[in-house]
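Pasting run.cif here (mmCIF, C-alpha atoms):
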```cif
data_my_file
loop_
_atom_site.label_atom_id
_atom_site.label_comp_id
_atom_site.auth_asym_id
_atom_site.auth_seq_id
_atom_site.Cartn_x
_atom_site.Cartn_y
_atom_site.Cartn_z
CA MET A 1 74.68 -20.89 -36.24
CA ARG A 2 73.93 -18.07 -33.80
CA ILE A 3 70.94 -19.99 -32.38
CA SER A 4 72.95 -23.13 -31.72
CA LYS A 5 75.61 -21.11 -29.92
CA THR A 6 72.96 -19.55 -27.69
CA LEU A 7 71.80 -23.00 -26.66
CA ARG A 8 75.37 -24.01 -25.96
CA LEU A 9 75.89 -20.97 -23.76
CA ALA A 10 72.84 -21.86 -21.69
CA ALA A 11 74.50 -25.12 -20.77
CA LEU A 12 77.45 -23.27 -19.36
CA GLY A 13 75.55 -22.07 -16.30
CA VAL A 14 76.46 -25.25 -14.40
CA VAL A 15 80.18 -24.82 -14.99
CA GLY A 16 80.41 -21.00 -15.05
CA ALA A 17 82.05 -20.71 -11.61
CA LEU A 18 84.58 -23.39 -12.44
CA ALA A 19 85.38 -21.77 -15.76
CA LEU A 20 85.98 -18.43 -14.09
CA ALA A 21 88.27 -20.04 -11.52
CA ALA A 22 90.46 -21.19 -14.39
CA CYS A 23 91.10 -17.57 -15.45
CA SER A 24 93.99 -16.93 -13.63
CA SER A 25 109.80 -10.25 -29.62
CA SER A 26 112.05 -10.78 -32.95
CA GLY A 27 110.76 -8.69 -35.83
CA GLY A 28 107.94 -9.92 -38.00
CA ALA A 29 108.46 -13.51 -36.96
CA GLN A 30 104.83 -14.41 -37.58
CA GLN A 31 103.60 -13.08 -40.90
CA ASP A 32 100.98 -15.63 -41.91
CA GLN A 33 97.82 -13.85 -42.99
CA ALA A 34 95.60 -16.36 -41.20
CA ASP A 35 96.57 -19.23 -38.93
CA ASP A 36 95.59 -20.98 -35.75
CA GLY A 37 96.91 -19.73 -32.43
CA GLY A 38 96.27 -22.99 -30.65
CA SER A 39 93.19 -24.93 -29.62
CA ALA A 40 93.79 -26.42 -26.20
CA ALA A 41 91.08 -28.32 -24.38
CA PRO A 42 88.33 -25.99 -23.09
CA ALA A 43 89.14 -24.51 -19.68
CA ALA A 44 87.40 -26.32 -16.84
CA GLY A 45 85.50 -28.50 -19.30
CA GLY A 46 83.51 -25.64 -20.86
CA THR A 47 82.61 -24.95 -24.46
CA SER A 48 85.41 -24.35 -26.95
CA TYR A 49 85.06 -21.02 -28.77
CA THR A 50 86.57 -19.77 -32.00
CA ILE A 51 87.80 -16.19 -31.80
CA ALA A 52 89.17 -14.15 -34.70
CA MET A 53 91.86 -11.56 -34.04
CA VAL A 54 92.18 -9.06 -36.89
CA THR A 55 94.91 -6.40 -36.79
CA HIS A 56 96.62 -3.77 -38.94
CA GLU A 57 100.01 -5.44 -38.44
CA GLN A 58 102.70 -4.06 -40.73
CA ALA A 59 105.29 -6.47 -42.12
CA GLY A 60 108.52 -6.65 -40.14
CA ASP A 61 107.26 -4.98 -36.95
CA SER A 62 108.22 -7.01 -33.86
CA PHE A 63 105.54 -5.21 -31.85
CA TRP A 64 102.88 -7.60 -33.13
CA ASP A 65 104.77 -10.67 -31.94
CA LYS A 66 103.95 -9.52 -28.40
CA ILE A 67 100.27 -8.96 -29.19
CA ARG A 68 100.08 -12.47 -30.58
CA ALA A 69 102.03 -14.00 -27.70
CA GLY A 70 99.50 -12.57 -25.25
CA ALA A 71 96.53 -13.62 -27.37
CA GLU A 72 97.85 -17.15 -27.78
CA ALA A 73 98.54 -17.47 -24.05
CA ALA A 74 94.92 -16.51 -23.34
CA ALA A 75 93.69 -18.89 -26.02
CA THR A 76 95.61 -21.75 -24.44
CA ALA A 77 94.37 -20.88 -20.96
CA HIS A 78 90.72 -20.82 -22.01
CA GLY A 79 90.56 -23.53 -24.66
CA ILE A 80 90.03 -21.07 -27.53
CA ASP A 81 90.64 -21.73 -31.20
CA LEU A 82 92.34 -18.45 -32.18
CA LYS A 83 92.32 -17.35 -35.82
CA TYR A 84 94.75 -14.50 -36.55
CA SER A 85 94.78 -12.35 -39.69
CA ASN A 86 96.16 -8.93 -40.53
CA ASP A 87 96.42 -6.22 -43.16
CA PRO A 88 97.71 -2.65 -42.72
CA ASP A 89 95.22 -1.41 -45.31
CA GLY A 90 91.99 -0.39 -43.56
CA ALA A 91 89.66 -1.57 -46.31
CA LYS A 92 91.38 -4.95 -46.48
CA GLN A 93 91.28 -5.26 -42.70
CA ALA A 94 87.52 -4.64 -42.87
CA THR A 95 87.26 -7.46 -45.41
CA LEU A 96 89.08 -9.78 -43.02
CA ILE A 97 86.51 -8.93 -40.34
CA GLN A 98 83.71 -9.75 -42.77
CA ASN A 99 85.45 -13.03 -43.59
CA ALA A 100 85.45 -13.84 -39.87
CA VAL A 101 81.73 -13.11 -39.70
CA ASP A 102 81.09 -15.32 -42.73
CA SER A 103 83.01 -18.17 -41.09
CA GLU A 104 80.71 -17.83 -38.04
CA VAL A 105 83.33 -17.26 -35.37
CA ASP A 106 82.12 -16.77 -31.80
CA GLY A 107 83.89 -13.46 -31.19
CA ILE A 108 86.17 -10.91 -32.84
CA ALA A 109 89.03 -8.85 -31.40
CA THR A 110 90.16 -6.06 -33.71
CA THR A 111 92.38 -3.01 -33.85
CA MET A 112 90.89 0.22 -35.22
CA ALA A 113 93.83 2.20 -36.60
CA THR A 114 91.58 3.36 -39.45
CA PRO A 115 88.16 3.57 -37.75
CA ASP A 116 86.30 4.90 -40.78
CA SER A 117 87.11 1.65 -42.60
CA VAL A 118 87.18 -0.88 -39.77
CA GLY A 119 84.41 0.55 -37.58
CA PRO A 120 81.48 -0.24 -39.90
CA ALA A 121 82.74 -3.81 -40.33
CA ALA A 122 82.91 -4.22 -36.55
CA GLN A 123 79.41 -2.77 -36.24
CA ALA A 124 78.12 -5.23 -38.84
CA ALA A 125 79.65 -8.12 -36.89
CA ILE A 126 77.86 -6.97 -33.74
CA GLY A 127 74.66 -6.76 -35.76
CA ALA A 128 75.19 -10.38 -36.76
CA GLY A 129 75.27 -11.37 -33.08
CA ILE A 130 79.05 -11.68 -32.74
CA PRO A 131 80.62 -9.81 -29.79
CA VAL A 132 83.50 -7.51 -30.75
CA VAL A 133 86.32 -6.17 -28.58
CA ALA A 134 88.64 -3.38 -29.76
CA PHE A 135 92.25 -3.05 -28.66
CA ASN A 136 95.51 -1.22 -29.36
CA SER A 137 94.11 1.61 -31.52
CA GLY A 138 90.85 3.48 -31.90
CA ILE A 139 90.39 4.55 -28.28
CA SER A 140 88.41 7.65 -29.32
CA ASP A 141 86.28 5.88 -31.90
CA TYR A 142 85.42 2.31 -30.84
CA SER A 143 82.23 3.18 -28.96
CA LYS A 144 80.78 4.97 -32.02
CA TYR A 145 80.40 1.59 -33.66
CA GLY A 146 78.73 -0.23 -30.78
CA VAL A 147 81.90 -1.82 -29.37
CA THR A 148 81.71 -1.79 -25.57
CA MET A 149 85.18 -2.98 -24.53
CA TYR A 150 88.61 -1.55 -25.37
CA PHE A 151 92.12 -2.44 -24.18
CA GLY A 152 95.01 -0.12 -24.92
CA SER A 153 96.95 2.99 -24.02
CA ASP A 154 95.77 6.60 -23.98
CA GLU A 155 98.07 7.69 -26.79
CA ASP A 156 97.45 11.42 -26.43
CA LEU A 157 98.34 11.21 -22.73
CA ALA A 158 101.39 9.12 -23.60
CA GLY A 159 102.56 11.72 -26.11
CA GLN A 160 102.06 14.52 -23.62
CA THR A 161 104.11 12.58 -21.08
CA VAL A 162 106.98 12.35 -23.56
CA GLY A 163 106.75 16.03 -24.41
CA GLN A 164 106.85 17.00 -20.74
CA LYS A 165 110.00 14.96 -20.17
CA ILE A 166 111.67 16.42 -23.26
CA LYS A 167 110.93 19.96 -22.13
CA ALA A 168 112.08 19.27 -18.56
CA ASP A 169 115.37 17.90 -19.91
CA GLY A 170 115.99 21.05 -21.94
CA GLY A 171 115.00 19.84 -25.41
CA THR A 172 114.31 22.65 -27.87
CA LYS A 173 113.33 20.91 -31.11
CA THR A 174 111.71 17.49 -31.45
CA LEU A 175 111.40 15.28 -34.52
CA CYS A 176 108.44 12.87 -34.21
CA VAL A 177 108.68 10.00 -36.69
CA ILE A 178 105.44 8.35 -37.92
CA GLN A 179 105.99 5.03 -39.69
CA ALA A 180 102.41 4.43 -40.94
CA GLN A 181 100.57 7.45 -42.29
CA GLY A 182 96.85 7.56 -41.43
CA SER A 183 97.04 5.64 -38.14
CA VAL A 184 94.97 7.51 -35.54
CA ALA A 185 97.06 6.11 -32.67
CA LEU A 186 100.36 7.27 -34.15
CA ASP A 187 98.93 10.69 -34.98
CA ALA A 188 97.69 11.00 -31.40
CA ARG A 189 101.17 10.26 -30.04
CA CYS A 190 102.85 13.02 -32.05
CA ASN A 191 99.99 15.44 -31.35
CA GLY A 192 100.48 14.78 -27.64
CA VAL A 193 104.22 15.39 -27.89
CA THR A 194 103.58 18.68 -29.67
CA LYS A 195 101.14 19.84 -26.98
CA THR A 196 103.74 19.73 -24.22
CA ALA A 197 107.16 19.85 -25.91
CA GLY A 198 106.30 22.77 -28.16
CA ASN A 199 108.59 22.95 -31.19
CA THR A 200 107.89 19.59 -32.84
CA GLU A 201 108.15 18.51 -36.48
CA VAL A 202 106.47 15.36 -37.80
CA LEU A 203 108.37 13.20 -40.27
CA TYR A 204 106.52 10.46 -42.19
CA VAL A 205 108.43 7.33 -43.21
CA ASN A 206 107.55 3.89 -44.54
CA GLY A 207 107.98 1.50 -41.62
CA GLU A 208 108.07 -1.49 -43.98
CA ASP A 209 111.36 -0.28 -45.49
CA LEU A 210 113.88 0.28 -42.68
CA THR A 211 116.71 0.98 -45.11
CA ALA A 212 114.74 3.91 -46.51
CA VAL A 213 113.82 5.00 -42.97
CA GLN A 214 117.50 5.14 -42.04
CA SER A 215 118.52 7.18 -45.08
CA THR A 216 115.59 9.59 -44.62
CA LEU A 217 116.42 10.15 -40.95
CA GLN A 218 120.12 10.54 -41.63
CA ALA A 219 119.45 13.18 -44.29
CA LYS A 220 117.05 15.03 -41.99
CA LEU A 221 119.53 15.10 -39.10
CA GLN A 222 122.32 16.31 -41.36
CA GLN A 223 120.07 19.03 -42.77
CA ASP A 224 118.65 20.20 -39.43
CA THR A 225 121.27 20.28 -36.70
CA ALA A 226 118.86 22.05 -34.33
CA ILE A 227 117.02 18.77 -33.59
CA THR A 228 117.65 17.86 -29.93
CA ASP A 229 115.25 14.94 -29.58
CA ILE A 230 113.98 12.19 -31.88
CA VAL A 231 110.75 10.45 -30.89
CA THR A 232 110.10 7.16 -32.69
CA LEU A 233 106.77 5.36 -32.41
CA GLY A 234 108.02 1.79 -32.59
CA ALA A 235 111.06 -0.12 -31.37
CA PRO A 236 112.38 -1.17 -34.82
CA ILE A 237 112.27 2.47 -35.92
CA ALA A 238 114.17 3.45 -32.75
CA MET A 239 116.98 1.02 -33.57
CA THR A 240 117.13 2.39 -37.11
CA ALA A 241 117.23 5.93 -35.71
CA LEU A 242 120.26 5.00 -33.61
CA GLN A 243 122.19 4.09 -36.76
CA ALA A 244 120.98 7.20 -38.61
CA LYS A 245 122.06 9.36 -35.68
CA ALA A 246 125.54 7.82 -35.67
CA ASP A 247 125.96 8.19 -39.44
CA ALA A 248 124.79 11.81 -39.31
CA GLY A 249 127.04 12.70 -36.39
CA SER A 250 124.01 13.99 -34.50
CA GLN A 251 123.85 14.50 -30.74
CA ALA A 252 120.04 14.22 -30.60
CA LYS A 253 118.52 12.08 -27.86
CA ILE A 254 116.36 9.13 -28.91
CA ILE A 255 113.08 8.33 -27.19
CA THR A 256 110.72 5.62 -28.32
CA PHE A 257 107.31 4.14 -27.88
CA ASP A 258 107.12 0.37 -27.39
CA LEU A 259 109.83 -2.20 -26.78
CA ASN A 260 111.63 -5.15 -28.25
CA ALA A 261 114.69 -6.98 -26.96
CA ASP A 262 117.11 -4.67 -28.79
CA ALA A 263 115.41 -1.48 -27.62
CA ALA A 264 115.29 -2.73 -24.03
CA GLN A 265 119.02 -3.43 -24.18
CA ALA A 266 119.62 0.04 -25.67
CA ILE A 267 117.76 1.63 -22.76
CA GLN A 268 119.90 -0.36 -20.34
CA ASP A 269 123.03 0.74 -22.23
CA GLY A 270 121.92 4.38 -22.21
CA SER A 271 121.70 4.85 -25.99
CA ILE A 272 117.90 5.23 -25.82
CA GLU A 273 116.61 7.60 -23.14
CA PHE A 274 113.36 5.80 -22.34
CA SER A 275 110.37 4.01 -23.84
CA VAL A 276 106.65 4.59 -23.42
CA ASP A 277 105.30 1.05 -23.25
CA GLN A 278 101.65 0.28 -23.97
CA GLN A 279 102.18 -3.36 -22.91
CA PRO A 280 101.03 -5.15 -26.08
CA TYR A 281 101.22 -8.60 -24.48
CA VAL A 282 98.54 -7.46 -22.01
CA GLN A 283 96.44 -6.04 -24.86
CA GLY A 284 96.42 -9.34 -26.72
CA TYR A 285 95.80 -11.36 -23.58
CA MET A 286 92.97 -9.18 -22.29
CA ALA A 287 91.22 -8.85 -25.65
CA VAL A 288 90.90 -12.63 -25.96
CA THR A 289 90.15 -13.17 -22.26
CA ALA A 290 87.44 -10.48 -22.29
CA LEU A 291 85.70 -12.20 -25.19
CA TRP A 292 85.90 -15.55 -23.40
CA LEU A 293 84.38 -14.04 -20.26
CA ASN A 294 81.65 -12.40 -22.31
CA LEU A 295 80.81 -15.57 -24.18
CA SER A 296 80.96 -17.92 -21.19
CA ASN A 297 79.65 -15.68 -18.43
CA GLY A 298 78.13 -12.54 -19.94
CA ASN A 299 80.83 -10.25 -18.51
CA ASP A 300 81.74 -6.78 -19.77
CA ILE A 301 84.98 -5.13 -18.64
CA GLY A 302 85.51 -1.41 -18.26
CA GLY A 303 81.97 -0.18 -17.78
CA GLY A 304 81.92 1.19 -21.32
CA LYS A 305 85.19 3.03 -20.76
CA PRO A 306 88.60 1.97 -22.13
CA THR A 307 90.70 -0.31 -19.96
CA LEU A 308 94.16 1.27 -20.05
CA THR A 309 97.32 -0.80 -20.50
CA GLY A 310 99.56 2.28 -20.62
CA PRO A 311 101.38 4.55 -20.82
CA SER A 312 104.07 2.81 -18.76
CA ILE A 313 107.49 4.49 -18.72
CA VAL A 314 110.52 2.19 -19.06
CA ASP A 315 113.85 3.87 -18.32
CA SER A 316 117.13 3.30 -16.49
CA THR A 317 115.35 3.07 -13.14
CA ASN A 318 113.28 -0.02 -13.96
CA ILE A 319 114.80 -1.57 -17.08
CA GLY A 320 116.62 -4.38 -15.21
CA PRO A 321 114.06 -7.22 -15.21
CA ILE A 322 112.26 -5.85 -18.28
CA VAL A 323 115.23 -6.75 -20.49
CA GLU A 324 114.54 -10.43 -19.84
CA TYR A 325 110.78 -9.99 -20.26
CA ALA A 326 111.40 -8.38 -23.65
CA LYS A 327 113.58 -11.30 -24.70
CA ASN A 328 110.74 -13.64 -23.73
CA ASN A 329 108.33 -11.70 -25.94
CA THR A 330 106.07 -10.73 -23.03
CA ARG A 331 107.07 -7.07 -22.63
#
```
Starting from the file, give its structure as structure tokens.
Amino acid sequence: MRISKTLRLAALGVVGALALAACSSSGGAQQDQADDGGSAAPAAGGTSYTIAMVTHEQAGDSFWDKIRAGAEAAATAHGIDLKYSNDPDGAKQATLIQNAVDSEVDGIATTMATPDSVGPAAQAAIGAGIPVVAFNSGISDYSKYGVTMYFGSDEDLAGQTVGQKIKADGGTKTLCVIQAQGSVALDARCNGVTKTAGNTEVLYVNGEDLTAVQSTLQAKLQQDTAITDIVTLGAPIAMTALQAKADAGSQAKIITFDLNADAAQAIQDGSIEFSVDQQPYVQGYMAVTALWLNLSNGNDIGGGKPTLTGPSIVDSTNIGPIVEYAKNNTR
């Protein structure tokens, strides 16, 4: 299979320039474990590729709808047959990558929230002659496994940015809420907050059970009235924190990472201070587009360094048009 694809790529030299010229949210709405993202006609008459996108998506998290929207837009633009699958368990995600290798896809885009599990599977795919792009998580680890392209936010920098703003606004105790224990990206966010905000406590919750998240947060806020700021690491958790804050009678400010339509509206209304957006739509779009460029034209993006999609601060000064973008699932 790899040999035949090499021969097909050689034929693309005639149309490479034309192909390049063609390059130009609702919670948990898409939970199928593996399905097609669309298979439009190949861009500019080139070869149609099959690309697998494998993520650690957690059930009920609207964040991933934006990743998929971006990936599917890129697939449509470039005539790609996109196969999406997900599992929050690192070992099972690694198995999904191996399944993609066994099905002889042309390229793989994967998140690396648990690099010790997912990294070797990505490395094995590269060894089998399949290009791999990392995105969203694993910024400090992807290159260890031979992956040369990465699209995502610098989560430590993002966390430090939040901590700086909390301290400047007079915050004295921060609660940083992690909804998926073991995720290197989420750990990096809270570590960054701690570096610059100072007095920070980490609270672990199960992001798949928002009812339990709300009761845990409410109890914590009632028990510790010294908390001045709550940092959530996902928009659904932020909305749950708003209810927990109200029920607890807390005056703590709420800050979040990432956006959905409800969180964007809450920023506009003033009930959420601001969001640190990593622009997941861009991550999904660029991961697929980078693989298409690599397969059709031998391109690498980033020079071996991560291509950053964030942090991008969304607050009262710029929320206006972003509310509509969030409703459209592109921000």
query: Could you name the residues that touch Val202 (chain A) at 6 Å or less, counting all atoms listed in the file, but leaving out those on the same chain fewer than 2 positions away, as a PyMOL selection string?
result: chain A and resi 175-177
task: Return the single residue from A:Ser312, A:Ser296, A:Thr148, A:Thr111 that is closest to Arg331 (chain A), with distances computed using all atoms listed in the file.
output: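 With all atoms listed in the file as the atom set, the closest residue is A:Ser312.
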task: Give as a PyMOL selection string the residues that the PyMOL selection byres ((chain A and resi 128-141) around 7) matches when applied to the coordinates above.
output: chain A and resi 2+106-113+115+122+124-127+142-144+147+149-153+184-185+283+287+291+306
message: One number please: CA of Asp269 (chain A) to CA of Thr225 (chain A), in Å, one decimal.
response: 24.4 Å
Residues near Phe274 (chain A), cut-off 12 Å, all atoms listed in the file, skip fewer than 5 positions along chain, as a CSV table (one decimal) with C-alpha atoms, in the coordinates of the input:
```csv
chain,number,residue,atom,x,y,z
A,161,THR,CA,104.1,12.6,-21.1
A,162,VAL,CA,107.0,12.4,-23.6
A,165,LYS,CA,110.0,15.0,-20.2
A,166,ILE,CA,111.7,16.4,-23.3
A,229,ASP,CA,115.2,14.9,-29.6
A,230,ILE,CA,114.0,12.2,-31.9
A,231,VAL,CA,110.8,10.4,-30.9
A,232,THR,CA,110.1,7.2,-32.7
A,235,ALA,CA,111.1,-0.1,-31.4
A,238,ALA,CA,114.2,3.4,-32.8
A,253,LYS,CA,118.5,12.1,-27.9
A,254,ILE,CA,116.4,9.1,-28.9
A,255,ILE,CA,113.1,8.3,-27.2
A,256,THR,CA,110.7,5.6,-28.3
A,257,PHE,CA,107.3,4.1,-27.9
A,258,ASP,CA,107.1,0.4,-27.4
A,259,LEU,CA,109.8,-2.2,-26.8
A,263,ALA,CA,115.4,-1.5,-27.6
A,264,ALA,CA,115.3,-2.7,-24.0
A,265,GLN,CA,119.0,-3.4,-24.2
A,266,ALA,CA,119.6,0.0,-25.7
A,267,ILE,CA,117.8,1.6,-22.8
A,268,GLN,CA,119.9,-0.4,-20.3
A,269,ASP,CA,123.0,0.7,-22.2
A,312,SER,CA,104.1,2.8,-18.8
A,313,ILE,CA,107.5,4.5,-18.7
A,314,VAL,CA,110.5,2.2,-19.1
A,315,ASP,CA,113.8,3.9,-18.3
A,316,SER,CA,117.1,3.3,-16.5
A,317,THR,CA,115.4,3.1,-13.1
A,318,ASN,CA,113.3,0.0,-14.0
A,319,ILE,CA,114.8,-1.6,-17.1
```
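Selection by the PyMOL selection byres ((chain A and resi 173) around 6) on the present file picks out Thr172, Thr174, Asn199, Thr200, Ile227 and Thr228 of chain A.
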Complete region 110-125 of chain A at the level of N, CA and C atoms, written as an mmCIF file, in the coordinates of the input.
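Result went into out37.cif, see below:
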```cif
data_model
loop_
_atom_site.group_PDB
_atom_site.id
_atom_site.type_symbol
_atom_site.label_atom_id
_atom_site.label_comp_id
_atom_site.auth_asym_id
_atom_site.auth_seq_id
_atom_site.Cartn_x
_atom_site.Cartn_y
_atom_site.Cartn_z
ATOM 1 N N THR A 110 89.584 -6.793 -32.594
ATOM 2 C CA THR A 110 90.160 -6.060 -33.710
ATOM 3 C C THR A 110 90.797 -4.755 -33.280
ATOM 4 N N THR A 111 91.823 -4.346 -34.006
ATOM 5 C CA THR A 111 92.380 -3.010 -33.850
ATOM 6 C C THR A 111 91.595 -2.068 -34.760
ATOM 7 N N MET A 112 91.645 -0.764 -34.440
ATOM 8 C CA MET A 112 90.890 0.220 -35.220
ATOM 9 C C MET A 112 91.781 1.413 -35.545
ATOM 10 N N ALA A 113 92.905 1.133 -36.218
ATOM 11 C CA ALA A 113 93.830 2.200 -36.600
ATOM 12 C C ALA A 113 93.198 3.128 -37.630
ATOM 13 N N THR A 114 92.320 2.570 -38.463
ATOM 14 C CA THR A 114 91.580 3.360 -39.450
ATOM 15 C C THR A 114 90.082 3.147 -39.191
ATOM 16 N N PRO A 115 89.538 3.842 -38.199
ATOM 17 C CA PRO A 115 88.160 3.570 -37.750
ATOM 18 C C PRO A 115 87.094 3.758 -38.814
ATOM 19 N N ASP A 116 87.306 4.685 -39.738
ATOM 20 C CA ASP A 116 86.300 4.900 -40.780
ATOM 21 C C ASP A 116 86.123 3.656 -41.649
ATOM 22 N N SER A 117 87.178 2.877 -41.805
ATOM 23 C CA SER A 117 87.110 1.650 -42.600
ATOM 24 C C SER A 117 86.712 0.445 -41.755
ATOM 25 N N VAL A 118 87.356 0.318 -40.595
ATOM 26 C CA VAL A 118 87.180 -0.880 -39.770
ATOM 27 C C VAL A 118 85.919 -0.804 -38.921
ATOM 28 N N GLY A 119 85.559 0.393 -38.466
ATOM 29 C CA GLY A 119 84.410 0.550 -37.580
ATOM 30 C C GLY A 119 83.110 -0.022 -38.121
ATOM 31 N N PRO A 120 82.728 0.314 -39.356
ATOM 32 C CA PRO A 120 81.480 -0.240 -39.900
ATOM 33 C C PRO A 120 81.490 -1.767 -39.984
ATOM 34 N N ALA A 121 82.664 -2.350 -40.276
ATOM 35 C CA ALA A 121 82.740 -3.810 -40.330
ATOM 36 C C ALA A 121 82.544 -4.408 -38.945
ATOM 37 N N ALA A 122 83.115 -3.764 -37.915
ATOM 38 C CA ALA A 122 82.910 -4.220 -36.550
ATOM 39 C C ALA A 122 81.439 -4.092 -36.156
ATOM 40 N N GLN A 123 80.823 -2.993 -36.544
ATOM 41 C CA GLN A 123 79.410 -2.770 -36.240
ATOM 42 C C GLN A 123 78.526 -3.828 -36.909
ATOM 43 N N ALA A 124 78.881 -4.193 -38.135
ATOM 44 C CA ALA A 124 78.120 -5.230 -38.840
ATOM 45 C C ALA A 124 78.256 -6.577 -38.148
ATOM 46 N N ALA A 125 79.450 -6.863 -37.616
ATOM 47 C CA ALA A 125 79.650 -8.120 -36.890
ATOM 48 C C ALA A 125 78.772 -8.161 -35.646
#
```
